[in-house]
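model18.txt follows (compact mmCIF, C-alpha atoms and all ligand atoms):
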```txt
# COMPACT_ATOMS: atom_id res chain seq x y z
CA GLU G 3 -69.63 -1.03 -33.28
CA HIS G 4 -66.34 -2.62 -32.42
CA TYR G 5 -64.62 -5.26 -34.42
CA SER G 6 -61.56 -7.15 -33.45
CA LEU G 7 -59.00 -7.37 -36.19
CA VAL G 8 -56.57 -10.25 -36.33
CA VAL G 9 -53.26 -9.31 -37.90
CA THR G 10 -50.54 -11.77 -38.77
CA ALA G 11 -47.09 -11.22 -40.19
CA SER G 12 -45.00 -13.06 -42.74
CA ILE G 13 -41.32 -12.35 -42.34
CA GLY G 14 -38.44 -12.71 -44.76
CA ILE G 15 -34.91 -12.45 -43.44
CA SER G 16 -31.60 -11.80 -45.17
CA ILE G 17 -28.32 -11.39 -43.34
CA TYR G 18 -25.36 -9.13 -44.04
CA PRO G 19 -22.81 -10.00 -45.35
CA VAL G 20 -23.54 -13.66 -46.29
CA ASP G 21 -26.64 -12.86 -48.35
CA GLY G 22 -25.63 -9.53 -49.78
CA ALA G 23 -23.19 -6.68 -49.47
CA ASN G 24 -25.54 -3.73 -49.91
CA ALA G 25 -28.96 -2.64 -48.75
CA GLU G 26 -30.56 -3.05 -52.15
CA ASP G 27 -29.61 -6.72 -52.45
CA LEU G 28 -30.46 -7.45 -48.84
CA ILE G 29 -33.94 -5.98 -49.23
CA LYS G 30 -34.52 -7.85 -52.47
CA TYR G 31 -33.51 -11.16 -50.90
CA ALA G 32 -35.52 -10.52 -47.77
CA ASP G 33 -38.48 -9.84 -50.04
CA MET G 34 -37.99 -13.14 -51.85
CA ALA G 35 -37.85 -14.90 -48.49
CA LYS G 36 -41.04 -13.13 -47.45
CA HIS G 37 -42.78 -14.45 -50.57
CA GLU G 38 -41.64 -17.91 -49.61
CA ALA G 39 -43.02 -17.40 -46.09
CA LYS G 40 -46.39 -16.41 -47.55
CA GLU G 41 -46.39 -19.43 -49.82
CA SER G 42 -45.66 -21.69 -46.88
CA GLY G 43 -48.97 -20.75 -45.36
CA LYS G 44 -48.22 -17.25 -43.98
CA SER G 45 -47.66 -16.30 -40.34
CA CYS G 46 -44.13 -17.61 -40.37
CA TYR G 47 -40.62 -16.51 -41.27
CA ARG G 48 -38.16 -17.71 -43.87
CA LEU G 49 -34.46 -17.10 -44.16
CA HIS G 50 -32.94 -16.29 -47.48
CA SER G 51 -30.85 -19.17 -48.78
CA LYS G 52 -29.06 -20.22 -51.92
CA GLU G 53 -31.71 -22.82 -52.78
CA LEU G 54 -34.47 -20.32 -52.19
CA HIS G 55 -32.64 -17.80 -54.32
CA GLU G 56 -32.33 -20.27 -57.17
CA ARG G 57 -35.96 -21.25 -56.89
CA SER G 58 -37.14 -17.66 -57.03
CA LEU G 59 -34.86 -17.02 -59.95
CA ASN G 60 -36.23 -20.04 -61.80
CA ARG G 61 -39.75 -18.90 -61.17
CA LEU G 62 -38.92 -15.46 -62.50
CA LYS G 63 -37.32 -16.97 -65.58
CA LEU G 64 -40.30 -19.23 -66.10
CA GLU G 65 -42.67 -16.31 -65.79
CA GLU G 66 -40.71 -14.34 -68.35
CA TYR G 67 -40.56 -17.38 -70.58
CA MET G 68 -44.31 -17.88 -70.42
CA ARG G 69 -44.93 -14.29 -71.48
CA GLU G 70 -42.71 -14.87 -74.48
CA ALA G 71 -44.40 -18.20 -75.15
CA LEU G 72 -47.80 -16.54 -75.36
CA LYS G 73 -46.48 -14.09 -77.92
CA HIS G 74 -44.63 -16.63 -80.02
CA ASP G 75 -46.91 -19.63 -79.89
CA MET G 76 -44.60 -21.84 -77.86
CA PHE G 77 -47.45 -23.44 -75.97
CA GLU G 78 -48.94 -26.58 -77.44
CA LEU G 79 -51.98 -28.65 -76.64
CA PHE G 80 -51.56 -32.40 -76.39
CA TYR G 81 -54.63 -34.62 -76.56
CA GLN G 82 -55.25 -37.73 -74.52
CA PRO G 83 -57.95 -40.03 -75.86
CA GLN G 84 -60.97 -40.97 -73.76
CA ILE G 85 -62.35 -44.33 -74.79
CA ASN G 86 -65.84 -45.71 -74.32
CA SER G 87 -65.48 -48.76 -72.12
CA ILE G 88 -68.19 -50.73 -73.96
CA THR G 89 -67.64 -49.86 -77.62
CA GLY G 90 -63.88 -49.19 -77.46
CA LYS G 91 -64.43 -46.02 -79.48
CA VAL G 92 -62.58 -42.75 -78.92
CA GLU G 93 -65.30 -40.33 -77.88
CA GLY G 94 -63.37 -37.53 -76.30
CA ALA G 95 -59.99 -36.04 -75.56
CA GLU G 96 -58.56 -34.07 -72.71
CA ALA G 97 -56.47 -31.13 -73.88
CA LEU G 98 -53.27 -30.95 -71.82
CA LEU G 99 -50.95 -28.01 -72.06
CA ARG G 100 -47.24 -28.24 -72.86
CA LEU G 101 -44.61 -25.50 -72.96
CA HIS G 102 -41.76 -25.75 -75.43
CA HIS G 103 -38.40 -24.51 -74.26
CA ASP G 104 -35.50 -24.12 -76.65
CA THR G 105 -32.96 -25.64 -74.30
CA LEU G 106 -35.01 -27.52 -71.70
CA GLY G 107 -37.31 -29.28 -74.16
CA ILE G 108 -40.91 -29.70 -73.11
CA ILE G 109 -41.82 -28.28 -69.70
CA SER G 110 -44.60 -30.05 -67.80
CA PRO G 111 -47.72 -28.21 -66.68
CA VAL G 112 -47.07 -29.49 -63.17
CA GLU G 113 -44.12 -27.11 -63.19
CA PHE G 114 -45.46 -24.05 -64.97
CA ILE G 115 -49.18 -23.97 -64.08
CA PRO G 116 -48.56 -23.09 -60.40
CA VAL G 117 -46.28 -20.22 -61.46
CA ALA G 118 -48.85 -19.10 -64.01
CA GLU G 119 -51.49 -19.15 -61.28
CA ASP G 120 -49.35 -17.12 -58.87
CA THR G 121 -48.55 -14.47 -61.42
CA GLY G 122 -52.04 -14.25 -62.89
CA LEU G 123 -50.70 -15.28 -66.29
CA ILE G 124 -53.02 -18.30 -66.09
CA VAL G 125 -55.92 -16.12 -67.21
CA GLU G 126 -54.41 -15.32 -70.58
CA ILE G 127 -52.95 -18.80 -70.96
CA GLY G 128 -56.31 -20.33 -70.08
CA TYR G 129 -58.08 -18.36 -72.80
CA TRP G 130 -55.40 -19.42 -75.25
CA VAL G 131 -56.16 -23.04 -74.35
CA ILE G 132 -59.90 -22.64 -74.82
CA ARG G 133 -59.43 -20.84 -78.13
CA LYS G 134 -57.01 -23.48 -79.40
CA ALA G 135 -59.38 -26.29 -78.41
CA CYS G 136 -62.30 -24.56 -80.14
CA GLU G 137 -60.25 -24.08 -83.31
CA GLN G 138 -59.39 -27.77 -83.21
CA LEU G 139 -63.06 -28.72 -82.92
CA VAL G 140 -63.84 -26.61 -85.98
CA LYS G 141 -60.95 -28.17 -87.91
CA TRP G 142 -62.21 -31.66 -87.16
CA GLU G 143 -65.70 -30.66 -88.16
CA ASN G 144 -64.45 -29.24 -91.47
CA ASP G 145 -62.45 -32.41 -92.12
CA ASN G 146 -65.58 -34.43 -91.44
CA ALA G 147 -63.74 -36.27 -88.75
CA ALA G 148 -65.88 -38.13 -86.24
CA SER G 149 -67.19 -35.82 -83.56
CA ILE G 150 -64.84 -36.01 -80.65
CA SER G 151 -65.37 -33.73 -77.70
CA ILE G 152 -62.51 -31.83 -76.11
CA SER G 153 -62.26 -31.10 -72.43
CA VAL G 154 -60.09 -28.28 -71.16
CA ASN G 155 -58.84 -27.55 -67.66
CA VAL G 156 -59.85 -24.23 -66.18
CA SER G 157 -58.15 -22.88 -63.10
CA VAL G 158 -59.88 -21.17 -60.20
CA LYS G 159 -58.12 -17.86 -60.91
CA GLN G 160 -59.59 -17.88 -64.37
CA ILE G 161 -63.14 -18.88 -63.62
CA ASN G 162 -63.33 -16.27 -60.87
CA LYS G 163 -62.77 -13.47 -63.36
CA PRO G 164 -66.01 -11.53 -63.80
CA LYS G 165 -65.58 -11.65 -67.56
CA PHE G 166 -65.00 -15.41 -67.76
CA VAL G 167 -68.41 -16.35 -69.13
CA SER G 168 -68.58 -13.53 -71.67
CA THR G 169 -65.04 -14.22 -72.89
CA LEU G 170 -65.86 -17.91 -73.21
CA GLN G 171 -68.92 -16.97 -75.22
CA ASP G 172 -66.83 -14.67 -77.46
CA ILE G 173 -64.34 -17.45 -78.12
CA ILE G 174 -67.06 -19.94 -79.01
CA LYS G 175 -68.74 -17.41 -81.31
CA SER G 176 -65.63 -16.19 -83.06
CA THR G 177 -64.26 -19.68 -83.70
CA GLY G 178 -67.63 -21.14 -84.62
CA ALA G 179 -67.06 -24.22 -82.47
CA ASP G 180 -69.96 -26.43 -81.43
CA PRO G 181 -70.24 -25.74 -77.69
CA ALA G 182 -71.76 -29.17 -77.10
CA LEU G 183 -68.35 -30.65 -77.93
CA LEU G 184 -66.52 -28.46 -75.45
CA GLU G 185 -66.23 -29.56 -71.85
CA ILE G 186 -64.78 -27.55 -68.98
CA GLU G 187 -63.00 -29.37 -66.18
CA LEU G 188 -63.04 -27.84 -62.73
CA THR G 189 -61.65 -29.38 -59.59
CA GLU G 190 -63.98 -30.01 -56.68
CA SER G 191 -62.24 -27.49 -54.48
CA ILE G 192 -62.90 -24.71 -57.00
CA ILE G 193 -66.63 -25.02 -56.85
CA MET G 194 -66.91 -25.97 -53.21
CA ILE G 195 -65.18 -22.81 -51.96
CA ASN G 196 -68.16 -20.66 -52.71
CA PRO G 197 -70.92 -23.03 -53.76
CA GLU G 198 -73.96 -20.76 -53.81
CA GLU G 199 -72.23 -18.14 -55.91
CA ASN G 200 -70.77 -20.79 -58.15
CA ILE G 201 -74.07 -22.44 -58.95
CA SER G 202 -75.21 -19.36 -60.87
CA LYS G 203 -71.87 -19.04 -62.64
CA LEU G 204 -71.95 -22.69 -63.66
CA GLN G 205 -75.50 -22.25 -64.87
CA GLU G 206 -74.41 -19.32 -67.03
CA ILE G 207 -71.72 -21.51 -68.55
CA LYS G 208 -74.28 -24.23 -69.16
CA THR G 209 -76.56 -21.84 -71.01
CA LEU G 210 -73.79 -21.44 -73.57
CA GLY G 211 -74.25 -25.14 -74.28
CA VAL G 212 -70.85 -26.11 -72.86
CA LYS G 213 -70.46 -29.25 -70.73
CA LEU G 214 -69.07 -29.25 -67.21
CA SER G 215 -67.07 -31.85 -65.43
CA ILE G 216 -65.54 -32.28 -61.99
CA ASP G 217 -61.87 -33.19 -62.18
CA ASP G 218 -59.91 -35.27 -59.64
CA PHE G 219 -63.12 -36.30 -57.96
CA GLY G 220 -62.63 -37.86 -54.54
CA THR G 221 -59.46 -35.96 -53.63
CA GLY G 222 -60.96 -32.75 -52.31
CA TYR G 223 -64.01 -32.49 -50.21
CA SER G 224 -67.36 -32.43 -51.91
CA SER G 225 -70.59 -31.69 -50.26
CA LEU G 226 -72.87 -34.29 -51.75
CA SER G 227 -75.91 -32.08 -51.37
CA TYR G 228 -74.25 -29.47 -53.58
CA LEU G 229 -73.19 -32.04 -56.09
CA LYS G 230 -76.86 -32.55 -56.81
CA LYS G 231 -77.43 -28.82 -57.29
CA PHE G 232 -74.53 -28.16 -59.64
CA PRO G 233 -75.39 -28.41 -63.33
CA LEU G 234 -72.74 -31.05 -64.04
CA ASP G 235 -72.34 -33.53 -66.87
CA THR G 236 -69.31 -35.59 -65.95
CA LEU G 237 -67.43 -36.79 -62.95
CA LYS G 238 -63.78 -37.73 -63.37
CA ILE G 239 -62.62 -40.35 -60.89
CA ASP G 240 -59.15 -39.44 -59.71
CA ARG G 241 -56.12 -41.51 -60.64
CA SER G 242 -55.24 -42.06 -56.97
CA PHE G 243 -58.05 -44.63 -56.72
CA ILE G 244 -56.80 -46.48 -59.79
CA ILE G 245 -53.06 -46.65 -59.00
CA GLY G 246 -53.39 -49.52 -56.54
CA LEU G 247 -56.20 -51.24 -58.41
CA THR G 248 -55.70 -54.90 -59.33
CA LYS G 249 -58.01 -57.62 -60.59
CA ASP G 250 -59.53 -57.82 -57.13
CA THR G 251 -62.93 -56.12 -57.26
CA ARG G 252 -63.21 -56.27 -53.47
CA SER G 253 -60.18 -54.12 -52.61
CA ASP G 254 -60.77 -50.81 -50.80
CA ASP G 255 -60.10 -48.79 -53.94
CA ALA G 256 -62.44 -50.97 -55.95
CA VAL G 257 -65.20 -50.48 -53.39
CA ILE G 258 -64.69 -46.70 -53.49
CA ILE G 259 -64.77 -46.67 -57.28
CA SER G 260 -67.98 -48.62 -57.43
CA ALA G 261 -69.55 -46.35 -54.81
CA ILE G 262 -68.55 -43.19 -56.72
CA SER G 263 -69.82 -44.71 -59.92
CA ALA G 264 -73.15 -45.72 -58.36
CA MET G 265 -73.58 -42.19 -57.09
CA ALA G 266 -72.66 -40.67 -60.45
CA LYS G 267 -75.16 -42.90 -62.19
CA ALA G 268 -77.90 -42.00 -59.74
CA LEU G 269 -77.18 -38.32 -60.44
CA ARG G 270 -77.15 -39.09 -64.18
CA LEU G 271 -73.54 -38.04 -64.62
CA ASN G 272 -71.13 -39.52 -67.11
CA ILE G 273 -67.96 -40.99 -65.71
CA VAL G 274 -64.36 -40.67 -66.86
CA VAL G 275 -61.91 -42.97 -65.13
CA GLU G 276 -58.43 -41.43 -65.17
CA GLY G 277 -55.05 -43.07 -65.01
CA VAL G 278 -55.86 -46.58 -66.21
CA GLU G 279 -52.50 -48.18 -67.00
CA SER G 280 -52.99 -51.94 -67.16
CA SER G 281 -55.43 -54.45 -68.59
CA ASP G 282 -56.10 -55.76 -65.06
CA GLN G 283 -57.18 -52.28 -64.01
CA LEU G 284 -59.34 -51.97 -67.11
CA ASP G 285 -61.01 -55.35 -66.49
CA CYS G 286 -61.63 -54.41 -62.90
CA ILE G 287 -63.19 -51.07 -63.86
CA ASN G 288 -65.35 -52.68 -66.50
CA ALA G 289 -66.57 -55.14 -63.91
CA LEU G 290 -67.24 -52.34 -61.41
CA CYS G 291 -68.75 -49.58 -63.49
CA GLY G 292 -68.20 -50.12 -67.20
CA ASP G 293 -71.19 -49.04 -69.23
CA LYS G 294 -72.08 -46.85 -72.17
CA ASP G 295 -71.60 -43.70 -70.11
CA THR G 296 -68.14 -44.58 -68.83
CA LEU G 297 -65.02 -43.36 -70.58
CA ILE G 298 -61.51 -44.56 -69.85
CA GLN G 299 -58.51 -42.23 -70.00
CA GLY G 300 -55.06 -43.52 -69.27
CA TYR G 301 -51.68 -44.74 -70.47
CA TYR G 302 -53.17 -48.20 -71.10
CA TYR G 303 -54.74 -46.72 -74.22
CA SER G 304 -52.49 -43.76 -74.82
CA LYS G 305 -50.43 -40.97 -73.31
CA PRO G 306 -51.37 -37.41 -74.25
CA LEU G 307 -50.35 -36.92 -77.90
CA PRO G 308 -49.52 -34.01 -80.20
CA VAL G 309 -52.50 -33.36 -82.45
CA GLY G 310 -51.07 -35.20 -85.49
CA ALA G 311 -50.38 -38.36 -83.52
CA PHE G 312 -53.77 -38.09 -81.86
CA ILE G 313 -55.49 -38.04 -85.25
CA ASP G 314 -53.49 -41.12 -86.30
CA TYR G 315 -54.56 -42.81 -83.09
CA VAL G 316 -58.20 -42.03 -83.77
CA SER G 317 -58.13 -43.24 -87.35
CA CYS G 318 -56.48 -46.53 -86.31
CA ASN G 319 -59.10 -46.86 -83.61
CA PHE G 320 -61.94 -46.36 -86.09
CA LYS G 321 -60.43 -48.73 -88.65
CA TYR G 322 -59.96 -51.32 -85.95
CA LEU G 323 -63.55 -50.93 -84.80
CA SER G 324 -65.05 -51.16 -88.27
CA HIS G 325 -63.39 -54.54 -88.86
P1 LIG F 401 -55.11 -33.39 -64.72
O1 LIG F 401 -56.12 -32.42 -65.21
O2 LIG F 401 -55.54 -34.31 -63.64
O3 LIG F 401 -54.65 -34.21 -66.01
C1 LIG F 401 -54.33 -35.57 -66.02
C2 LIG F 401 -52.86 -35.81 -65.87
O4 LIG F 401 -52.64 -37.21 -65.67
C3 LIG F 401 -52.08 -35.45 -67.14
O5 LIG F 401 -50.81 -34.99 -66.71
C4 LIG F 401 -51.96 -36.80 -67.83
O6 LIG F 401 -50.86 -36.88 -68.70
C5 LIG F 401 -51.77 -37.70 -66.65
N1 LIG F 401 -52.17 -39.09 -66.95
C6 LIG F 401 -53.18 -39.50 -67.75
N2 LIG F 401 -53.28 -40.84 -67.77
C7 LIG F 401 -52.30 -41.31 -66.95
C8 LIG F 401 -51.86 -42.63 -66.57
O7 LIG F 401 -52.40 -43.65 -66.98
N3 LIG F 401 -50.81 -42.69 -65.70
C9 LIG F 401 -50.17 -41.59 -65.22
N4 LIG F 401 -49.16 -41.75 -64.39
N5 LIG F 401 -50.57 -40.33 -65.57
C10 LIG F 401 -51.60 -40.19 -66.43
P2 LIG F 401 -50.18 -33.66 -67.30
O8 LIG F 401 -50.47 -33.52 -68.76
O9 LIG F 401 -48.76 -33.62 -66.86
O10 LIG F 401 -50.98 -32.50 -66.56
C11 LIG F 401 -50.85 -32.33 -65.19
C12 LIG F 401 -51.82 -31.34 -64.65
O11 LIG F 401 -51.55 -30.02 -65.14
C13 LIG F 401 -53.26 -31.61 -65.06
O12 LIG F 401 -53.78 -32.62 -64.23
C14 LIG F 401 -53.89 -30.26 -64.83
O13 LIG F 401 -54.20 -30.08 -63.48
C15 LIG F 401 -52.75 -29.31 -65.20
N6 LIG F 401 -52.99 -28.82 -66.56
C16 LIG F 401 -52.65 -29.36 -67.74
N7 LIG F 401 -53.06 -28.58 -68.77
C17 LIG F 401 -53.69 -27.52 -68.21
C18 LIG F 401 -54.36 -26.36 -68.74
O14 LIG F 401 -54.48 -26.16 -69.95
N8 LIG F 401 -54.88 -25.48 -67.83
C19 LIG F 401 -54.80 -25.68 -66.48
N9 LIG F 401 -55.34 -24.77 -65.66
N10 LIG F 401 -54.21 -26.77 -65.95
C20 LIG F 401 -53.66 -27.68 -66.81
CA CA F 402 -58.07 -32.51 -65.99
CA CA F 403 -57.56 -35.23 -63.24
```

Represent the structure contained in this file as structure tokens.
Amino acid sequence: EHYSLVVTASIGISIYPVDGANAEDLIKYADMAKHEAKESGKSCYRLHSKELHERSLNRLKLEEYMREALKHDMFELFYQPQINSITGKVEGAEALLRLHHDTLGIISPVEFIPVAEDTGLIVEIGYWVIRKACEQLVKWENDNAASISISVNVSVKQINKPKFVSTLQDIIKSTGADPALLEIELTESIIMINPEENISKLQEIKTLGVKLSIDDFGTGYSSLSYLKKFPLDTLKIDRSFIIGLTKDTRSDDAVIISAISAMAKALRLNIVVEGVESSDQLDCINALCGDKDTLIQGYYYSKPLPVGAFIDYVSCNFKYLSH
């Protein structure tokens, strides 16, 4: 049989003598430019430039720094409270990763996660995150703190590893964490890429007793028929629908939020509304979809906090509620 193969090329260009004086440098810079061409969607060319050079260098430095950080515990998990919209109680927290840098201070995940994903480092980092979150759950249980669930973000590169489920199981076992308090956040695009295959993987995760949630819901494309088939627990409504939200419950965003929430309720999914910053937004959400299965996460209540500050936040919250 005959097949037709489609071949495309990504080209990186460096020019003598502006970019380099010898072959070795020129090839290195052309290679960097080629990487850039691939990142820009392939099938194109990129010229080496000073900005590009600096960017590649920064990425390399960041990569090296992350390897060190894994060895020397320079990553930290911050926790952002998720508050029940009816009772006002903190019921959960999203674990958000931070990277400490000795001169740059705290580096945001928006900066380092993409590099970690490109280099494959995300796999090791991701397991570190899950382990840390599990250890935290056990600590809270030992301290007899109220049971607060922790959700962690898992990247596509990580979940696609054949050993993901068994490693997750090992971490849960070895830490002794209650899997029912651990939730895994996946973005829609992750599970929609290969839905049939993913259903069985998600089911395996569910058999460990771990919860599953869809992050940034409404920003990717979701096939609603699959949504029903996935063994999900929670749907997180993306911040982009909340940004423009005002008191007006008839605005476009408000209508979308109430539609998503109606669907989630029909599918018996819990809802987390992300990015709530003002009391107007909170009132609007409570009017649209506030009920016992809706949690609110946003700066209005709190930014992500280091664990100590998070615990203080929770104890104030409980004291306040018991009054
Ligand atoms: P995300 O999973 O959508 O996390 C929510 C982001 O929104 C967090 O940013 C949080 O600080 C921010 N946020 C929460 N409430 C508000 C609000 O009211 N207003 C505004 N303006 N922002 C709010 P952060 O911590 O910078 O994390 C950014 C992204 O980095 C996360 O987006 C997630 O995709 C990724 N990320 C963070 N930690 C991890 C991790 O451990 N693993 C992986 N794979 N990705 C992570
Ligand atoms: Ca998330
Ligand atoms: Ca999100």

Specify the axis-aligned box that encloses all atoms of ligand LIG 401 (chain F) listed in the file after padding of 4 Å on each side, stating its centre and edge lengths in Å to one decimal as lines of an AutoDock Vina configuration file.
```
center_x = -52.4
center_y = -34.2
center_z = -66.7
size_x = 15.4
size_y = 26.9
size_z = 14.5
```

Closest atom pairs, chain G residues within 7 Å of ligand CA 403 (chain F), only C-alpha atoms and all ligand atoms, as a Markdown table:
```
| residue | atom | partner | partner_atom | distance |
| --- | --- | --- | --- | --- |
| G:Asp217 | CA | F:CA403 | CA | 4.9 |
| G:Asp218 | CA | F:CA403 | CA | 4.3 |
| G:Lys238 | CA | F:CA403 | CA | 6.7 |
| G:Asp240 | CA | F:CA403 | CA | 5.7 |
| G:Arg241 | CA | F:CA403 | CA | 6.9 |
| G:Glu276 | CA | F:CA403 | CA | 6.6 |
```

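Distance check against Tyr322 (chain G) using only C-alpha atoms: of G:Lys40, G:Lys91, G:Arg69, G:Lys230, the minimum falls on G:Lys91.
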
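Each of G:Pro83, G:Pro111, G:Pro233, G:Pro181 was compared to Val140 (chain G) using only C-alpha atoms, and G:Pro181 turns out to be the nearest.
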
Next on the checklist: Show me the residues around (-51.1, -47.6, -75.8) - criterion: an atom at most 12 Å away, only C-alpha atoms counted - as a list in words.
Outcome noted: Gln82, Pro83, Ile85, Val278, Glu279, Ser280, Ser281, Gln299, Gly300, Tyr301, Tyr302, Tyr303, Ser304, Lys305, Pro306, Leu307, Phe312, Tyr315, Cys318 and Asn319 of chain G

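Nearest to ligand LIG 401 (chain F) of all the residues G:Lys141, G:His325, G:His102, G:Lys159 is G:Lys159, based on only C-alpha atoms and all ligand atoms.
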
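Excluding Ala35 (chain G) itself and any same-chain residue fewer than 4 positions from it, the protein and nucleic acid residues within 6 Å of it, counting only C-alpha atoms, are G:Gly14, G:Arg48, G:Leu49, G:His50.
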
Next on the checklist: Excluding Lys63 (chain G) and its own-chain neighbours fewer than 6 positions away, which residues fall within 12 Å of it when counting only C-alpha atoms? Please give them as an MDAnalysis selection string.
Outcome noted: chainID G and resid 56:57 69:71 103 114 117:118

Item to check | Local residues around (-62.6, -19.4, -63.8), at most 12 Å away, using all atoms listed in the file, as a ChimeraX atom specification | outcome: /G:119,122,124-126,128-129,132,154-170,186-189,192-193,200,203-204,207

Checklist entry - Quick one: distance from CA of Cys136 (chain G) to atom O6 of ligand LIG 401 (chain F) in Å, one decimal? => result 20.3 Å

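Neighbouring residues of Thr248 (chain G) at 10 Å or closer, counting all atoms listed in the file and skipping chain neighbours under 5 positions away, are Ser253, Asp255, Ala256, Ser280, Ser281, Asp282, Gln283, Leu284, Asp285, Cys286 and Ile287 of chain G.
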
Output C-alpha atoms for every residue in the selection just made, as a PDB file, keeping the file's coordinate frame.
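again-v6.pdb was written with the following content:
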```pdb
ATOM      1  CA  SER G 253     -60.180 -54.120 -52.610  1.00  0.00           C
ATOM      2  CA  ASP G 255     -60.100 -48.790 -53.940  1.00  0.00           C
ATOM      3  CA  ALA G 256     -62.440 -50.970 -55.950  1.00  0.00           C
ATOM      4  CA  SER G 280     -52.990 -51.940 -67.160  1.00  0.00           C
ATOM      5  CA  SER G 281     -55.430 -54.450 -68.590  1.00  0.00           C
ATOM      6  CA  ASP G 282     -56.100 -55.760 -65.060  1.00  0.00           C
ATOM      7  CA  GLN G 283     -57.180 -52.280 -64.010  1.00  0.00           C
ATOM      8  CA  LEU G 284     -59.340 -51.970 -67.110  1.00  0.00           C
ATOM      9  CA  ASP G 285     -61.010 -55.350 -66.490  1.00  0.00           C
ATOM     10  CA  CYS G 286     -61.630 -54.410 -62.900  1.00  0.00           C
ATOM     11  CA  ILE G 287     -63.190 -51.070 -63.860  1.00  0.00           C
TER      12      ILE G 287
END
```

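Using only C-alpha atoms and all ligand atoms, the nearest neighbour of ligand LIG 401 (chain F) within the list G:Ile127, G:Leu28, G:Ile17, G:Ala23 is G:Ile127.
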